[in-house]
Amino acid sequence: MRRALRTCAARAFWAIPLLLACEPAGRRPNVLFVSIDTLRADHLGFEGWQRPTSPFLDALAAKSVVFDDAQSASSWTLPSLASIMTSLQASAHGCDQIASRLDPSYTTLAELLRDSGYDTAFVASHVFLSAGYGLQQGFTHVDTRILQDESAITSPAVTDWGLSWLENKAAANDDVPWFLWLHYFDPHAPYLVHEGVSERFGTESDVDRYDGEIAFTDQHLGRLFEAFERLGFAENTILVVVADHGEEFGEHGVQGHGYDLHEEVVRVPLLMRVPGIAPRRVSEVVPTIDVMPTLLELCGAQSRREVQGRSLLPLFIGRAEDGREALSEVCWQFGQDMKSLRRGPWKLIDSRRGRSAAEMLYEKESDRAETRDSIAEHPDVAATLGALLRARIEAGLSLFSGYEHRKTSTLTPAEEERLRKLGYTGDK
C-alpha cells in the first residue's frame, strides 16, 4: 500500500491532495501537530549537534521530510505561532505585542479543519496559548490545566494528555478525522535540571542545562511517538514537528529570544512525516507559514481568505522551486522594529531601535552563523533585498487592514510578573 501511495503522490500531487487521491474512498488523514518552545534547530542530532539531545526526534526525522532551513516568522512565541496557524506574517495578523490577541475575524488552521469535518483538540502549556490570546480558535476540545508558571515541568503532562487522546480515538474507531495540537514548553528558560537526564550534559552552564531540557522533552516525545505507532495511526496520520523560535546564548550580544532575528533564534526544526511520502532532506529556505497551506492541501480543506504561505508539496518529491523566501519580524519591545528577509544564499536584516537604524547583509552559504556583515561588498544585493522586504511588509499591512482589530487587552500585574519571569521584560 505504501508503494501505491508513493506512486500516486508522485503523479498527481499538483492536481488533488495526496491522501485524498490515494486513500480508500473518503478516508482523510489525521494530523498530529507537535510544537516545541524555544528549540534551536542546531541543537538536535539530525541537524548535526554532537550531543545526544534528541534520539527520538532523530529517529522520527529518519522517516520524515526534514526542512533543514526552516525559518520562523518571529523570534518569540505569540507572533510565531499565530503565523503558523494563520499562514500570515506578523505584520498581517498584528499579534506582535505581549498584550496582543488574534482577532476572531482571522481564520485559523483549526477552524478550517473543524469546518471540513475534523475533530480538533489542543493542549496548551504556554501563557500565550491561553484563551485571551486567540489561538484557541477552532478547537472543540482545549486543555489548559497545565498552563505553567515559570518553573513548572510540563512535558510529562503534555504527553499523558496526548496519549489519552490517541487511545480514546483508537478505541472509538469512528473514522472521524482529527487534528491534535500538543505544545511542549520545557526547553524555555529558566533551564531546569532533570534528574537522570541533565547530568550527561552538565548542569553548570545555561547551554548545558538547555541541552538537558531538550533531552528531557525528547524523552517524553518518545513515549508519544511509540504510542502513535502502537495504536496504528502511522498509516493514516500526518505528523508535524516544529518549533516556534530558537534561543540565543550570547552569539549576537544577548541571552534569550525576542531581541533580534539572527540564525539562532529564527532557524527552527521542521519535519513532516506523511504516509506514502519517502523521507527526504530539503535544503531550500522555507518559512513556517508554509505549514498551514500544506496541511490544508493534504487534508482536502481550503482557506476562506488569502494566505501568504504556499504549499510545500512540490518539495516533498524533490521538485526544487526558485523564489522561496522567508520574512521574519519582531517589534514587541519599546522602540524596537526589526525585520529580516531570507532569499537564496542571502539574508538582510533591517534593524531599528529608537533613533538608531542599520542594515546587515549575510552570505549564508559561507557564513551560516551570521558573523560577518557583507553589505559593503554587495550593496546591490542589499538594495534588491531591501526593496523586496519593504514590498512584503506593505503586502502584510494591506492584509492587516482587511480584518477587524479589537483593542488589545490590558495585562494585570500578576500577568505582567508571570511574563517577566519568563523573560518578556522588554528592557534589553
# chains A, B, ... in the order shown; residues from 1 in each chain; ligands from 1
>>> select_by_dssp(residues="range 16-193 of chain A", states="strand (DSSP E or B)", output="PDB file with N, CA and C atoms, in the first residue's frame")
ATOM      1  N   ASN A  30      -5.500  12.005   9.549  1.00  0.00           N
ATOM      2  CA  ASN A  30      -5.432  12.720  10.814  1.00  0.00           C
ATOM      3  C   ASN A  30      -4.184  13.595  10.803  1.00  0.00           C
ATOM      4  N   VAL A  31      -4.121  14.533  11.746  1.00  0.00           N
ATOM      5  CA  VAL A  31      -2.939  15.387  11.887  1.00  0.00           C
ATOM      6  C   VAL A  31      -2.550  15.451  13.358  1.00  0.00           C
ATOM      7  N   LEU A  32      -1.346  15.000  13.657  1.00  0.00           N
ATOM      8  CA  LEU A  32      -0.762  15.174  14.980  1.00  0.00           C
ATOM      9  C   LEU A  32       0.290  16.269  14.858  1.00  0.00           C
ATOM     10  N   PHE A  33       0.012  17.416  15.464  1.00  0.00           N
ATOM     11  CA  PHE A  33       0.838  18.612  15.312  1.00  0.00           C
ATOM     12  C   PHE A  33       1.550  18.880  16.635  1.00  0.00           C
ATOM     13  N   VAL A  34       2.865  18.777  16.622  1.00  0.00           N
ATOM     14  CA  VAL A  34       3.673  18.968  17.827  1.00  0.00           C
ATOM     15  C   VAL A  34       4.518  20.222  17.657  1.00  0.00           C
ATOM     16  N   SER A  35       4.343  21.190  18.531  1.00  0.00           N
ATOM     17  CA  SER A  35       5.213  22.366  18.549  1.00  0.00           C
ATOM     18  C   SER A  35       6.025  22.339  19.839  1.00  0.00           C
ATOM     19  N   ILE A  36       7.275  22.764  19.724  1.00  0.00           N
ATOM     20  CA  ILE A  36       8.192  22.737  20.869  1.00  0.00           C
ATOM     21  C   ILE A  36       8.746  24.139  21.059  1.00  0.00           C
ATOM     22  N   VAL A  65      10.075  14.014   5.987  1.00  0.00           N
ATOM     23  CA  VAL A  65      10.640  15.076   5.171  1.00  0.00           C
ATOM     24  C   VAL A  65      11.146  16.145   6.146  1.00  0.00           C
ATOM     25  N   VAL A  66      12.440  16.393   6.101  1.00  0.00           N
ATOM     26  CA  VAL A  66      13.072  17.340   7.024  1.00  0.00           C
ATOM     27  C   VAL A  66      13.467  18.593   6.256  1.00  0.00           C
ATOM     28  N   PHE A  67      13.026  19.738   6.751  1.00  0.00           N
ATOM     29  CA  PHE A  67      13.348  21.017   6.139  1.00  0.00           C
ATOM     30  C   PHE A  67      14.501  21.639   6.926  1.00  0.00           C
ATOM     31  N   ASP A  68      15.689  21.564   6.348  1.00  0.00           N
ATOM     32  CA  ASP A  68      16.896  21.947   7.068  1.00  0.00           C
ATOM     33  C   ASP A  68      17.077  23.452   7.220  1.00  0.00           C
ATOM     34  N   ASP A  69      16.311  24.248   6.488  1.00  0.00           N
ATOM     35  CA  ASP A  69      16.453  25.698   6.592  1.00  0.00           C
ATOM     36  C   ASP A  69      15.085  26.345   6.779  1.00  0.00           C
ATOM     37  N   ALA A  70      14.317  25.829   7.739  1.00  0.00           N
ATOM     38  CA  ALA A  70      13.017  26.409   8.062  1.00  0.00           C
ATOM     39  C   ALA A  70      13.216  27.660   8.906  1.00  0.00           C
ATOM     40  N   GLN A  71      12.432  28.685   8.604  1.00  0.00           N
ATOM     41  CA  GLN A  71      12.581  29.986   9.248  1.00  0.00           C
ATOM     42  C   GLN A  71      11.270  30.407   9.900  1.00  0.00           C
ATOM     43  N   ASP A 119     -12.391  16.554  13.968  1.00  0.00           N
ATOM     44  CA  ASP A 119     -12.433  16.750  15.410  1.00  0.00           C
ATOM     45  C   ASP A 119     -11.124  17.424  15.794  1.00  0.00           C
ATOM     46  N   THR A 120     -11.180  18.504  16.561  1.00  0.00           N
ATOM     47  CA  THR A 120      -9.984  19.295  16.849  1.00  0.00           C
ATOM     48  C   THR A 120      -9.748  19.388  18.345  1.00  0.00           C
ATOM     49  N   ALA A 121      -8.494  19.225  18.737  1.00  0.00           N
ATOM     50  CA  ALA A 121      -8.139  19.255  20.157  1.00  0.00           C
ATOM     51  C   ALA A 121      -6.777  19.908  20.338  1.00  0.00           C
ATOM     52  N   PHE A 122      -6.572  20.493  21.510  1.00  0.00           N
ATOM     53  CA  PHE A 122      -5.382  21.310  21.759  1.00  0.00           C
ATOM     54  C   PHE A 122      -5.015  21.204  23.229  1.00  0.00           C
ATOM     55  N   VAL A 123      -3.742  20.945  23.511  1.00  0.00           N
ATOM     56  CA  VAL A 123      -3.255  21.039  24.882  1.00  0.00           C
ATOM     57  C   VAL A 123      -2.255  22.192  24.933  1.00  0.00           C
ATOM     58  N   HIS A 141     -11.972  20.813  21.597  1.00  0.00           N
ATOM     59  CA  HIS A 141     -11.506  20.361  22.912  1.00  0.00           C
ATOM     60  C   HIS A 141     -10.214  21.114  23.242  1.00  0.00           C
ATOM     61  N   VAL A 142     -10.173  21.772  24.386  1.00  0.00           N
ATOM     62  CA  VAL A 142      -8.989  22.519  24.811  1.00  0.00           C
ATOM     63  C   VAL A 142      -8.678  22.161  26.245  1.00  0.00           C
ATOM     64  N   ASP A 143      -7.419  21.822  26.509  1.00  0.00           N
ATOM     65  CA  ASP A 143      -6.987  21.519  27.869  1.00  0.00           C
ATOM     66  C   ASP A 143      -5.925  22.531  28.273  1.00  0.00           C
ATOM     67  N   TRP A 178      -9.097  13.636  12.761  1.00  0.00           N
ATOM     68  CA  TRP A 178      -8.828  14.526  13.875  1.00  0.00           C
ATOM     69  C   TRP A 178      -7.543  15.326  13.674  1.00  0.00           C
ATOM     70  N   PHE A 179      -7.512  16.480  14.347  1.00  0.00           N
ATOM     71  CA  PHE A 179      -6.340  17.356  14.390  1.00  0.00           C
ATOM     72  C   PHE A 179      -6.023  17.611  15.849  1.00  0.00           C
ATOM     73  N   LEU A 180      -4.870  17.134  16.297  1.00  0.00           N
ATOM     74  CA  LEU A 180      -4.454  17.277  17.683  1.00  0.00           C
ATOM     75  C   LEU A 180      -3.173  18.095  17.733  1.00  0.00           C
ATOM     76  N   TRP A 181      -3.222  19.228  18.463  1.00  0.00           N
ATOM     77  CA  TRP A 181      -2.042  20.089  18.640  1.00  0.00           C
ATOM     78  C   TRP A 181      -1.550  19.952  20.074  1.00  0.00           C
ATOM     79  N   LEU A 182      -0.293  19.543  20.219  1.00  0.00           N
ATOM     80  CA  LEU A 182       0.370  19.448  21.522  1.00  0.00           C
ATOM     81  C   LEU A 182       1.538  20.422  21.532  1.00  0.00           C
ATOM     82  N   HIS A 183       1.549  21.332  22.512  1.00  0.00           N
ATOM     83  CA  HIS A 183       2.651  22.285  22.616  1.00  0.00           C
ATOM     84  C   HIS A 183       3.513  21.946  23.825  1.00  0.00           C
ATOM     85  N   TYR A 184       4.794  21.660  23.560  1.00  0.00           N
ATOM     86  CA  TYR A 184       5.766  21.349  24.622  1.00  0.00           C
ATOM     87  C   TYR A 184       6.555  22.607  24.968  1.00  0.00           C
TER      88      TYR A 184
END
>>> select_by_dssp(residues="range 249-315 of chain A", states="helix (DSSP H, G or I)", output="PyMOL selection string")
chain A and resi 263-266+288-299+313-315
>>> write_last_selection(atoms="N, CA and C atoms", output="PDB file, in the first residue's frame")
ATOM      1  N   GLU A 263      20.279  33.902  13.104  1.00  0.00           N
ATOM      2  CA  GLU A 263      20.122  32.475  12.832  1.00  0.00           C
ATOM      3  C   GLU A 263      19.647  31.677  14.028  1.00  0.00           C
ATOM      4  N   GLU A 264      20.260  31.922  15.179  1.00  0.00           N
ATOM      5  CA  GLU A 264      19.999  31.072  16.337  1.00  0.00           C
ATOM      6  C   GLU A 264      18.583  31.229  16.894  1.00  0.00           C
ATOM      7  N   VAL A 265      17.873  32.305  16.535  1.00  0.00           N
ATOM      8  CA  VAL A 265      16.520  32.479  17.058  1.00  0.00           C
ATOM      9  C   VAL A 265      15.415  32.317  16.016  1.00  0.00           C
ATOM     10  N   VAL A 266      15.749  32.336  14.721  1.00  0.00           N
ATOM     11  CA  VAL A 266      14.692  32.170  13.719  1.00  0.00           C
ATOM     12  C   VAL A 266      14.807  30.885  12.904  1.00  0.00           C
ATOM     13  N   THR A 288       7.831  29.050   8.063  1.00  0.00           N
ATOM     14  CA  THR A 288       6.851  28.189   8.743  1.00  0.00           C
ATOM     15  C   THR A 288       5.416  28.548   8.386  1.00  0.00           C
ATOM     16  N   ILE A 289       5.178  29.696   7.749  1.00  0.00           N
ATOM     17  CA  ILE A 289       3.817  29.986   7.283  1.00  0.00           C
ATOM     18  C   ILE A 289       3.400  29.044   6.154  1.00  0.00           C
ATOM     19  N   ASP A 290       4.343  28.280   5.607  1.00  0.00           N
ATOM     20  CA  ASP A 290       4.001  27.310   4.568  1.00  0.00           C
ATOM     21  C   ASP A 290       3.352  26.038   5.124  1.00  0.00           C
ATOM     22  N   VAL A 291       3.406  25.845   6.433  1.00  0.00           N
ATOM     23  CA  VAL A 291       2.864  24.614   7.022  1.00  0.00           C
ATOM     24  C   VAL A 291       1.352  24.536   6.833  1.00  0.00           C
ATOM     25  N   MET A 292       0.639  25.624   7.099  1.00  0.00           N
ATOM     26  CA  MET A 292      -0.822  25.602   7.019  1.00  0.00           C
ATOM     27  C   MET A 292      -1.329  25.252   5.622  1.00  0.00           C
ATOM     28  N   PRO A 293      -0.901  25.938   4.533  1.00  0.00           N
ATOM     29  CA  PRO A 293      -1.411  25.544   3.213  1.00  0.00           C
ATOM     30  C   PRO A 293      -1.032  24.126   2.828  1.00  0.00           C
ATOM     31  N   THR A 294       0.091  23.643   3.322  1.00  0.00           N
ATOM     32  CA  THR A 294       0.483  22.251   3.055  1.00  0.00           C
ATOM     33  C   THR A 294      -0.512  21.290   3.684  1.00  0.00           C
ATOM     34  N   LEU A 295      -0.846  21.524   4.950  1.00  0.00           N
ATOM     35  CA  LEU A 295      -1.788  20.633   5.635  1.00  0.00           C
ATOM     36  C   LEU A 295      -3.186  20.742   5.052  1.00  0.00           C
ATOM     37  N   LEU A 296      -3.595  21.935   4.687  1.00  0.00           N
ATOM     38  CA  LEU A 296      -4.920  22.077   4.070  1.00  0.00           C
ATOM     39  C   LEU A 296      -5.005  21.261   2.789  1.00  0.00           C
ATOM     40  N   GLU A 297      -3.958  21.317   1.982  1.00  0.00           N
ATOM     41  CA  GLU A 297      -3.976  20.557   0.731  1.00  0.00           C
ATOM     42  C   GLU A 297      -3.983  19.057   0.996  1.00  0.00           C
ATOM     43  N   LEU A 298      -3.188  18.618   1.940  1.00  0.00           N
ATOM     44  CA  LEU A 298      -3.145  17.198   2.263  1.00  0.00           C
ATOM     45  C   LEU A 298      -4.465  16.693   2.827  1.00  0.00           C
ATOM     46  N   CYS A 299      -5.167  17.564   3.544  1.00  0.00           N
ATOM     47  CA  CYS A 299      -6.409  17.160   4.217  1.00  0.00           C
ATOM     48  C   CYS A 299      -7.665  17.483   3.415  1.00  0.00           C
ATOM     49  N   LEU A 313       4.230  20.820  -0.858  1.00  0.00           N
ATOM     50  CA  LEU A 313       4.140  19.510  -1.507  1.00  0.00           C
ATOM     51  C   LEU A 313       5.117  19.313  -2.657  1.00  0.00           C
ATOM     52  N   PRO A 314       5.385  20.324  -3.500  1.00  0.00           N
ATOM     53  CA  PRO A 314       6.382  20.082  -4.546  1.00  0.00           C
ATOM     54  C   PRO A 314       7.739  19.665  -3.988  1.00  0.00           C
ATOM     55  N   LEU A 315       8.126  20.235  -2.843  1.00  0.00           N
ATOM     56  CA  LEU A 315       9.413  19.893  -2.242  1.00  0.00           C
ATOM     57  C   LEU A 315       9.413  18.483  -1.673  1.00  0.00           C
TER      58      LEU A 315
END
>>> atom_distance(atom1="CA of Leu78 in chain A", atom2="CA of His405 in chain A")
16.2 Å
>>> closest_residue(among="A:Gly138, A:Pro187, A:Gly318, A:Gly386", to="Ile349 in chain A", atoms="only C-alpha atoms")
A:Gly386
>>> atom_distance(atom1="CA of Gln89 in chain A", atom2="CA of Gln302 in chain A")
18.8 Å
>>> closest_residue(among="A:Leu388, A:Ala124, A:Ala326, A:Leu361", to="Ala376 in chain A", atoms="only C-alpha atoms")
A:Leu361
>>> closest_residue(among="A:Ala215, A:Val176, A:Leu129, A:Cys331", to="Gly45 in chain A", atoms="only C-alpha atoms")
A:Ala215
>>> closest_residue(among="A:Ala73, A:Pro104, A:Gln255, A:Ala243", to="Val286 in chain A", atoms="only C-alpha atoms")
A:Ala73
>>> closest_residue(among="A:Asp211, A:Asp337, A:Glu325, A:Glu404", to="Ala358 in chain A", atoms="only C-alpha atoms")
A:Asp337
>>> closest_residue(among="A:Thr86, A:Leu57, A:Glu235, A:Val240", to="Met272 in chain A", atoms="only C-alpha atoms")
A:Val240
>>> atom_distance(atom1="CA of Ser74 in chain A", atom2="CA of Leu261 in chain A")
7.3 Å
